[in-house]
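Printed here is query.cif (mmCIF, C-alpha atoms):
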data_run
#
loop_
_atom_site.label_atom_id
_atom_site.label_comp_id
_atom_site.auth_asym_id
_atom_site.auth_seq_id
_atom_site.Cartn_x
_atom_site.Cartn_y
_atom_site.Cartn_z
CA LYS A 24 0.00 0.00 0.00
CA ALA A 25 2.91 2.33 0.67
CA GLY A 26 4.13 1.79 -2.85
CA ASP A 27 7.49 0.41 -1.74
CA MET A 28 7.80 -2.35 -4.29
CA VAL A 29 11.47 -3.02 -3.49
CA GLN A 30 10.69 -3.70 0.15
CA ALA A 31 7.64 -5.81 -0.71
CA GLU A 32 9.63 -7.89 -3.18
CA ALA A 33 12.45 -8.34 -0.66
CA ARG A 34 10.00 -9.53 1.97
CA LEU A 35 8.49 -12.05 -0.43
CA GLN A 36 11.95 -13.40 -1.24
CA GLU A 37 12.66 -13.76 2.50
CA LEU A 38 9.48 -15.77 2.98
CA GLU A 39 10.41 -17.98 0.03
CA ALA A 40 13.93 -18.51 1.42
CA GLU A 41 12.51 -19.45 4.82
CA GLY A 42 10.41 -22.11 3.19
CA ILE A 43 7.15 -20.55 4.34
CA ASP A 44 4.12 -22.28 2.86
CA LEU A 45 2.80 -19.45 0.70
CA ASP A 46 -0.40 -19.23 -1.28
CA ALA A 47 -1.05 -17.18 -4.41
CA ALA A 48 -2.20 -14.03 -2.57
CA PRO A 49 1.16 -12.19 -2.13
CA TYR A 50 2.11 -12.91 -5.73
CA ASN A 51 -1.25 -11.60 -6.94
CA VAL A 52 -0.83 -8.35 -5.01
CA LEU A 53 2.66 -7.73 -6.35
CA MET A 54 1.70 -8.67 -9.91
CA LEU A 55 -1.11 -6.14 -9.93
CA ALA A 56 1.12 -3.45 -8.42
CA HIS A 57 3.77 -4.04 -11.08
CA SER A 58 1.17 -3.87 -13.85
CA LYS A 59 -0.15 -0.51 -12.64
CA GLU A 60 3.39 0.85 -12.90
CA GLY A 61 3.70 -0.52 -16.43
CA ARG A 62 6.17 -3.26 -15.47
CA LEU A 63 4.62 -6.12 -17.41
CA GLU A 64 7.83 -8.22 -17.46
CA ASP A 65 8.16 -8.04 -13.67
CA ALA A 66 4.53 -9.08 -13.24
CA GLU A 67 4.96 -12.01 -15.63
CA ALA A 68 8.14 -13.04 -13.81
CA LEU A 69 6.20 -13.27 -10.54
CA TRP A 70 3.51 -15.31 -12.28
CA ALA A 71 6.14 -17.75 -13.56
CA ARG A 72 7.87 -17.85 -10.17
CA ALA A 73 4.70 -18.81 -8.36
CA ARG A 74 4.02 -21.57 -10.87
CA ALA A 75 7.59 -22.85 -10.64
CA ARG A 76 7.23 -23.13 -6.87
CA GLY A 77 4.15 -25.26 -7.34
CA ILE A 78 1.82 -22.73 -5.75
CA PRO A 79 -1.75 -23.52 -6.81
CA GLN A 80 -3.16 -20.67 -8.87
CA ASP A 81 -6.80 -20.01 -8.28
CA ALA A 82 -9.37 -18.01 -10.21
CA ILE A 83 -8.16 -14.82 -8.51
CA SER A 84 -4.62 -15.49 -9.76
CA PHE A 85 -5.78 -15.87 -13.34
CA THR A 86 -8.05 -12.82 -13.11
CA THR A 87 -5.18 -10.79 -11.68
CA MET A 88 -2.99 -11.83 -14.58
CA MET A 89 -5.78 -10.87 -16.98
CA ARG A 90 -5.72 -7.40 -15.42
CA VAL A 91 -1.95 -7.31 -15.85
CA GLN A 92 -2.25 -8.05 -19.56
CA LEU A 93 -5.06 -5.56 -20.09
CA PHE A 94 -3.09 -2.82 -18.36
CA ALA A 95 -0.46 -3.49 -21.03
CA GLY A 96 -3.04 -3.51 -23.82
CA GLN A 97 -2.71 -7.25 -24.42
CA LEU A 98 -6.36 -8.19 -24.98
CA ALA A 99 -5.59 -11.41 -26.87
CA ARG A 100 -3.44 -12.70 -24.00
CA ALA A 101 -6.15 -11.83 -21.49
CA GLU A 102 -8.63 -13.83 -23.55
CA GLU A 103 -6.20 -16.78 -23.57
CA LEU A 104 -5.89 -16.61 -19.80
CA LEU A 105 -9.66 -16.91 -19.42
CA GLU A 106 -9.53 -20.08 -21.51
CA GLU A 107 -6.59 -21.41 -19.48
CA MET A 108 -8.54 -20.75 -16.30
CA CYS A 109 -11.46 -22.80 -17.58
CA ASP A 110 -9.14 -25.55 -18.85
CA ALA A 111 -7.66 -25.75 -15.34
CA GLY A 112 -11.10 -26.64 -14.02
CA LEU A 113 -11.64 -23.25 -12.40
CA THR A 114 -14.86 -21.28 -12.73
CA PRO A 115 -14.18 -17.61 -13.45
CA ALA A 116 -16.04 -15.03 -11.39
CA ALA A 117 -18.14 -12.42 -13.20
CA ASN A 118 -15.28 -9.96 -12.73
CA ALA A 119 -13.08 -11.89 -15.17
CA PHE A 120 -15.72 -11.64 -17.89
CA ASN A 121 -16.39 -7.99 -17.04
CA LEU A 122 -12.72 -7.18 -17.68
CA LEU A 123 -13.07 -8.44 -21.24
CA LEU A 124 -16.49 -6.88 -21.74
CA LYS A 125 -15.05 -3.51 -20.80
CA GLU A 126 -12.57 -3.81 -23.68
CA TYR A 127 -15.24 -4.98 -26.13
CA ALA A 128 -17.43 -2.02 -25.14
CA LYS A 129 -14.67 0.41 -26.11
CA GLU A 130 -14.78 -0.85 -29.69
CA GLY A 131 -18.47 -1.73 -29.88
CA ASP A 132 -17.49 -5.34 -30.61
CA VAL A 133 -20.94 -6.92 -30.39
CA ALA A 134 -19.85 -10.37 -31.60
CA LYS A 135 -17.21 -10.81 -28.92
CA ALA A 136 -19.38 -9.32 -26.19
CA THR A 137 -22.24 -11.66 -27.08
CA ALA A 138 -19.91 -14.68 -27.09
CA CYS A 139 -18.56 -13.61 -23.71
CA TRP A 140 -22.09 -13.38 -22.28
CA GLU A 141 -23.01 -16.79 -23.69
CA ARG A 142 -19.91 -18.26 -22.07
CA MET A 143 -21.00 -16.83 -18.72
CA VAL A 144 -24.43 -18.39 -19.12
CA ALA A 145 -22.94 -21.76 -20.06
CA LEU A 146 -20.74 -21.69 -16.94
CA GLU A 147 -23.69 -20.52 -14.81
CA VAL A 148 -21.81 -17.41 -13.72
CA ALA A 149 -24.25 -14.83 -12.36
CA PRO A 150 -23.97 -11.45 -14.10
CA THR A 151 -23.32 -8.32 -12.07
CA ALA A 152 -24.24 -4.69 -12.69
CA PRO A 153 -21.01 -4.06 -14.69
CA THR A 154 -21.87 -7.06 -16.90
CA TYR A 155 -25.16 -5.49 -17.98
CA ASN A 156 -23.62 -2.04 -18.26
CA ARG A 157 -20.88 -3.28 -20.60
CA MET A 158 -23.32 -5.20 -22.77
CA ILE A 159 -25.57 -2.14 -23.16
CA GLN A 160 -22.57 0.08 -23.89
CA THR A 161 -21.28 -2.34 -26.53
CA LEU A 162 -24.63 -2.64 -28.28
CA ALA A 163 -25.24 1.11 -28.20
CA LYS A 164 -21.79 1.92 -29.55
CA GLY A 165 -22.27 -0.71 -32.25
CA GLY A 166 -25.48 1.00 -33.34
CA HIS A 167 -27.81 -1.74 -32.08
CA THR A 168 -30.14 0.53 -30.11
CA GLU A 169 -33.11 -1.88 -30.11
CA LEU A 170 -31.02 -4.67 -28.60
CA ALA A 171 -29.49 -2.22 -26.16
CA GLU A 172 -33.00 -1.24 -25.06
CA GLU A 173 -33.86 -4.91 -24.49
CA TRP A 174 -30.78 -5.27 -22.31
CA LEU A 175 -31.69 -2.10 -20.44
CA LEU A 176 -35.09 -3.61 -19.66
CA ARG A 177 -33.53 -6.90 -18.52
CA PHE A 178 -31.10 -4.93 -16.41
CA ARG A 179 -33.84 -3.04 -14.60
CA GLU A 180 -35.98 -6.15 -14.16
CA ASP A 181 -33.00 -7.93 -12.58
CA GLY A 182 -32.82 -5.18 -9.96
CA GLN A 183 -29.20 -4.30 -10.71
CA GLY A 184 -27.85 -0.80 -10.06
CA LEU A 185 -28.00 1.21 -13.26
CA ASN A 186 -24.89 3.15 -14.20
CA PRO A 187 -25.78 6.66 -15.47
CA HIS A 188 -22.77 6.52 -17.81
CA THR A 189 -24.32 3.49 -19.50
CA VAL A 190 -27.54 5.39 -20.14
CA CYS A 191 -25.47 8.25 -21.54
CA THR A 192 -23.88 5.85 -24.02
CA LEU A 193 -27.33 4.77 -25.18
CA MET A 194 -28.43 8.40 -25.30
CA ASP A 195 -25.50 9.23 -27.56
CA ALA A 196 -26.57 6.54 -30.04
CA TYR A 197 -30.02 8.11 -30.24
CA ALA A 198 -28.56 11.62 -30.36
CA ARG A 199 -26.64 10.78 -33.52
CA ASP A 200 -29.98 9.95 -35.15
CA GLY A 201 -31.68 13.05 -33.77
CA ASN A 202 -34.12 11.04 -31.64
CA VAL A 203 -34.83 13.88 -29.23
CA ALA A 204 -37.81 12.30 -27.49
CA ARG A 205 -35.96 9.13 -26.46
CA CYS A 206 -32.93 11.14 -25.36
CA HIS A 207 -35.08 13.16 -22.97
CA GLU A 208 -36.67 9.97 -21.61
CA LEU A 209 -33.25 8.50 -20.96
CA ALA A 210 -32.10 11.77 -19.39
CA GLU A 211 -34.90 11.37 -16.85
CA LEU A 212 -33.72 7.82 -16.22
CA THR A 213 -30.23 9.06 -15.37
CA GLN A 214 -31.77 11.52 -12.92
CA GLU A 215 -33.61 8.67 -11.19
CA SER A 216 -30.40 6.67 -11.00
CA GLN A 217 -28.38 9.59 -9.67
CA ALA A 218 -30.99 10.30 -7.03
CA LYS A 219 -30.18 6.86 -5.60
CA THR A 220 -26.40 6.85 -6.10
CA GLY A 221 -25.56 10.51 -5.54
CA HIS A 222 -25.23 13.55 -7.77
CA ASP A 223 -22.43 13.59 -10.31
CA ALA A 224 -21.88 16.98 -11.95
CA LYS A 225 -19.78 15.46 -14.73
CA THR A 226 -22.53 13.01 -15.68
CA LYS A 227 -25.12 15.80 -15.63
CA LEU A 228 -22.99 17.80 -18.04
CA VAL A 229 -22.62 14.78 -20.36
CA VAL A 230 -26.40 14.33 -20.32
CA ALA A 231 -26.99 18.00 -21.13
CA ASN A 232 -24.41 17.98 -23.94
CA THR A 233 -25.96 14.83 -25.39
CA LEU A 234 -29.38 16.51 -25.39
CA ILE A 235 -27.88 19.49 -27.22
CA LYS A 236 -26.38 17.05 -29.74
CA ALA A 237 -29.75 15.35 -30.26
CA HIS A 238 -31.58 18.64 -30.84
CA ALA A 239 -28.86 19.79 -33.24
CA ALA A 240 -28.99 16.52 -35.21
CA ALA A 241 -32.76 16.90 -35.50
CA GLY A 242 -32.35 20.46 -36.77
CA ASP A 243 -34.02 21.81 -33.66
CA LEU A 244 -31.76 24.75 -32.89
CA GLU A 245 -34.28 26.30 -30.50
CA GLY A 246 -34.31 23.13 -28.43
CA ALA A 247 -30.50 23.01 -28.39
CA ASP A 248 -30.36 26.68 -27.34
CA ALA A 249 -32.86 25.98 -24.56
CA VAL A 250 -30.69 23.24 -23.06
CA LEU A 251 -27.60 25.44 -23.33
CA ALA A 252 -29.44 28.37 -21.77
CA SER A 253 -30.52 26.14 -18.89
CA LEU A 254 -26.86 25.29 -18.25
CA GLU A 255 -25.76 28.92 -18.44
CA GLY A 256 -28.62 30.07 -16.25
CA GLY A 257 -27.95 27.57 -13.50
CA GLY A 258 -30.92 25.38 -14.39
CA THR A 259 -28.74 22.39 -13.60
CA PRO A 260 -27.27 23.11 -10.15
CA GLY A 261 -23.51 22.70 -9.90
CA VAL A 262 -23.06 22.32 -13.66
CA GLN A 263 -21.66 24.86 -16.11
CA PRO A 264 -21.37 24.48 -19.90
CA ASP A 265 -17.99 23.48 -21.32
CA HIS A 266 -16.45 23.72 -24.80
CA HIS A 267 -18.44 20.65 -25.93
CA SER A 268 -21.66 22.45 -25.01
CA PHE A 269 -20.85 25.40 -27.26
CA ASN A 270 -19.17 23.44 -30.07
CA THR A 271 -22.13 21.08 -30.44
#
Structure encoded using structure tokens:
Amino acid sequence: KAGDMVQAEARLQELEAEGIDLDAAPYNVLMLAHSKEGRLEDAEALWARARARGIPQDAISFTTMMRVQLFAGQLARAEELLEEMCDAGLTPAANAFNLLLKEYAKEGDVAKATACWERMVALEVAPTAPTYNRMIQTLAKGGHTELAEEWLLRFREDGQGLNPHTVCTLMDAYARDGNVARCHELAELTQESQAKTGHDAKTKLVVANTLIKAHAAAGDLEGADAVLASLEGGGTPGVQPDHHSFNT
């Protein structure tokens, strides 16, 4: 926690030299710390060291190594690690799938996201709120708004906590098409979600800018000006327009 990797590594080596019966936990912690500092080779060396010492690697170990690879931008290797985890007879937690889904969402890769979801179902891994959020984000970014809406409904019916940023992603897909009405409906949904999770000025600004974008795409300049005026006039407490507000 203090960030003293040299001391932490030295202590691990002492424990190894003393023949202490270690589990995977200290290796996992150090691997993740190395990855956050961009030291992929050091993280991989720890992974290999733990395996060479015959330390059983559990699902957390594999998931940690997936994080390590993703920090380094190695998506393909992270995908391989998920397969290796399954081949080892381990059942990945939802978090392992969510790591991959986050990457697929960035690119709107619907095919890979769908395959990832189906794998979760086959392994009977219960989805979490991030699982639904990433699926909706992927579908919205890929232009599949109808499917994204279906997932949004499933999400709400499952009682999971809705992420306002996910709704904003769906809003943006509609904004590009100038669907003002649906954007305003989704904006209200983000307000409901924020009322439960706390107010986020940044999210409110994104919502307002997306509404401006929707009105502009629909050729409704008066509507766009009204949203901008609301921001400038303090209609959204704690939020001021930024360069995106004016450029849109």
Could you tell me, as a PDB file with C-alpha atoms, in the coordinates of the input, exactly which residues end up selected when the PyMOL selection byres ((chain A and resi 68) around 12) is applied to this structure?
ATOM      1  CA  GLU A  32       9.630  -7.890  -3.180  1.00  0.00           C
ATOM      2  CA  TYR A  50       2.110 -12.910  -5.730  1.00  0.00           C
ATOM      3  CA  ASN A  51      -1.250 -11.600  -6.940  1.00  0.00           C
ATOM      4  CA  LEU A  53       2.660  -7.730  -6.350  1.00  0.00           C
ATOM      5  CA  MET A  54       1.700  -8.670  -9.910  1.00  0.00           C
ATOM      6  CA  HIS A  57       3.770  -4.040 -11.080  1.00  0.00           C
ATOM      7  CA  SER A  58       1.170  -3.870 -13.850  1.00  0.00           C
ATOM      8  CA  ARG A  62       6.170  -3.260 -15.470  1.00  0.00           C
ATOM      9  CA  LEU A  63       4.620  -6.120 -17.410  1.00  0.00           C
ATOM     10  CA  GLU A  64       7.830  -8.220 -17.460  1.00  0.00           C
ATOM     11  CA  ASP A  65       8.160  -8.040 -13.670  1.00  0.00           C
ATOM     12  CA  ALA A  66       4.530  -9.080 -13.240  1.00  0.00           C
ATOM     13  CA  GLU A  67       4.960 -12.010 -15.630  1.00  0.00           C
ATOM     14  CA  LEU A  69       6.200 -13.270 -10.540  1.00  0.00           C
ATOM     15  CA  TRP A  70       3.510 -15.310 -12.280  1.00  0.00           C
ATOM     16  CA  ALA A  71       6.140 -17.750 -13.560  1.00  0.00           C
ATOM     17  CA  ARG A  72       7.870 -17.850 -10.170  1.00  0.00           C
ATOM     18  CA  ALA A  73       4.700 -18.810  -8.360  1.00  0.00           C
ATOM     19  CA  ARG A  74       4.020 -21.570 -10.870  1.00  0.00           C
ATOM     20  CA  ALA A  75       7.590 -22.850 -10.640  1.00  0.00           C
ATOM     21  CA  MET A  88      -2.990 -11.830 -14.580  1.00  0.00           C
ATOM     22  CA  VAL A  91      -1.950  -7.310 -15.850  1.00  0.00           C
TER      23      VAL A  91
END
- Task: Have a look at A:Asp81, A:Glu126, A:Asp46, A:Asp27 and name the one nearest to Met108 of chain A; count only C-alpha atoms.
- Result: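 The answer is A:Asp81, which sits nearest to Met108 of chain A.
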Practice task
Could you jot down the atom CA of Thr114 of chain A to atom CA of Thr87 of chain A separation for me, Å, one decimal place?
Solution key: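 Separating atom CA of Thr114 of chain A from atom CA of Thr87 of chain A is a distance of 14.3 Å.
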- Can you tell me how far atom CA of Leu228 of chain A sits from atom CA of His267 of chain A, in Å to one decimal?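 Value for the atom CA of Leu228 of chain A-atom CA of His267 of chain A distance: 9.5 Å.
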Any idea what's packed within 9 Å of Asp195 of chain A, counting only C-alpha atoms, ignoring anything in its chain fewer than 2 positions away? Could you give it as a PDB file with C-alpha atoms, keeping the file's coordinate frame?
ATOM      1  CA  ALA A 163     -25.240   1.110 -28.200  1.00  0.00           C
ATOM      2  CA  LYS A 164     -21.790   1.920 -29.550  1.00  0.00           C
ATOM      3  CA  VAL A 190     -27.540   5.390 -20.140  1.00  0.00           C
ATOM      4  CA  CYS A 191     -25.470   8.250 -21.540  1.00  0.00           C
ATOM      5  CA  THR A 192     -23.880   5.850 -24.020  1.00  0.00           C
ATOM      6  CA  LEU A 193     -27.330   4.770 -25.180  1.00  0.00           C
ATOM      7  CA  TYR A 197     -30.020   8.110 -30.240  1.00  0.00           C
ATOM      8  CA  ALA A 198     -28.560  11.620 -30.360  1.00  0.00           C
ATOM      9  CA  ARG A 199     -26.640  10.780 -33.520  1.00  0.00           C
ATOM     10  CA  ASP A 200     -29.980   9.950 -35.150  1.00  0.00           C
ATOM     11  CA  CYS A 206     -32.930  11.140 -25.360  1.00  0.00           C
ATOM     12  CA  VAL A 230     -26.400  14.330 -20.320  1.00  0.00           C
ATOM     13  CA  THR A 233     -25.960  14.830 -25.390  1.00  0.00           C
ATOM     14  CA  LEU A 234     -29.380  16.510 -25.390  1.00  0.00           C
ATOM     15  CA  LYS A 236     -26.380  17.050 -29.740  1.00  0.00           C
ATOM     16  CA  ALA A 237     -29.750  15.350 -30.260  1.00  0.00           C
TER      17      ALA A 237
END
Atom CA of Val203 of chain A to atom CA of Glu130 of chain A measures 24.9 Å
### Task
Tell me which protein, DNA and RNA residues are within 6 Å of segment 115-125 of chain A, counting only C-alpha atoms, leaving out same-chain ones fewer than 3 positions away, and put them as a PyMOL selection string.
chain A and resi 82+86+128+136+150+154+157
Counting all atoms listed in the file, the option among A:Gly77, A:Gly112, A:Gly165, A:Gly246 closest to Gly201 of chain A: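 Answer, going by the shortest atom-to-atom distance: A:Gly246.
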Take every atom of segment 32-38 of chain A listed in the file, fit an axis-aligned box around them, add 8 Å per side, and give the centre and edge lengths in Å to one decimal as JSON.
{"center_x": 10.6, "center_y": -11.8, "center_z": -0.1, "size_x": 20.2, "size_y": 23.9, "size_z": 22.2}
For this file, the PyMOL selection byres ((chain A and resi 211) around 12) selects which residues, as number ranges by chain?
-> A: 187, 190-191, 194, 204-210, 212-218, 227, 230-231, 234
Counting all atoms listed in the file, closest pick from A:Asp248, A:Asp44, A:Glu147, A:Glu39 relative to Asn270 of chain A is A:Asp248
task: May I ask which of the residues A:Ser253, A:Gly182, A:Asn202, A:Asp223 is the closest one to His238 of chain A, counting only C-alpha atoms?
output: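 Under the stated criterion, the closest residue is A:Asn202.
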For Glu169 of chain A, the nearest of the candidates A:Ala196, A:Ala134, A:Ala31, A:Ile43, counting all atoms listed in the file:
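Of A:Ala196, A:Ala134, A:Ala31, A:Ile43, the one nearest Glu169 of chain A is A:Ala196, counting all atoms listed in the file.
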Residue with the minimum atom-to-atom distance to Lys225 of chain A, picked from A:Gly61, A:Pro264, A:Gly96, A:Pro49 with only C-alpha atoms counted, is A:Pro264
Written as a ChimeraX atom specification, what is the full residue list that the PyMOL selection byres ((chain A and resi 174) around 12) yields on the file shown?
/A:137,140,152,154-163,167-173,175-181,183,185,189-190,193
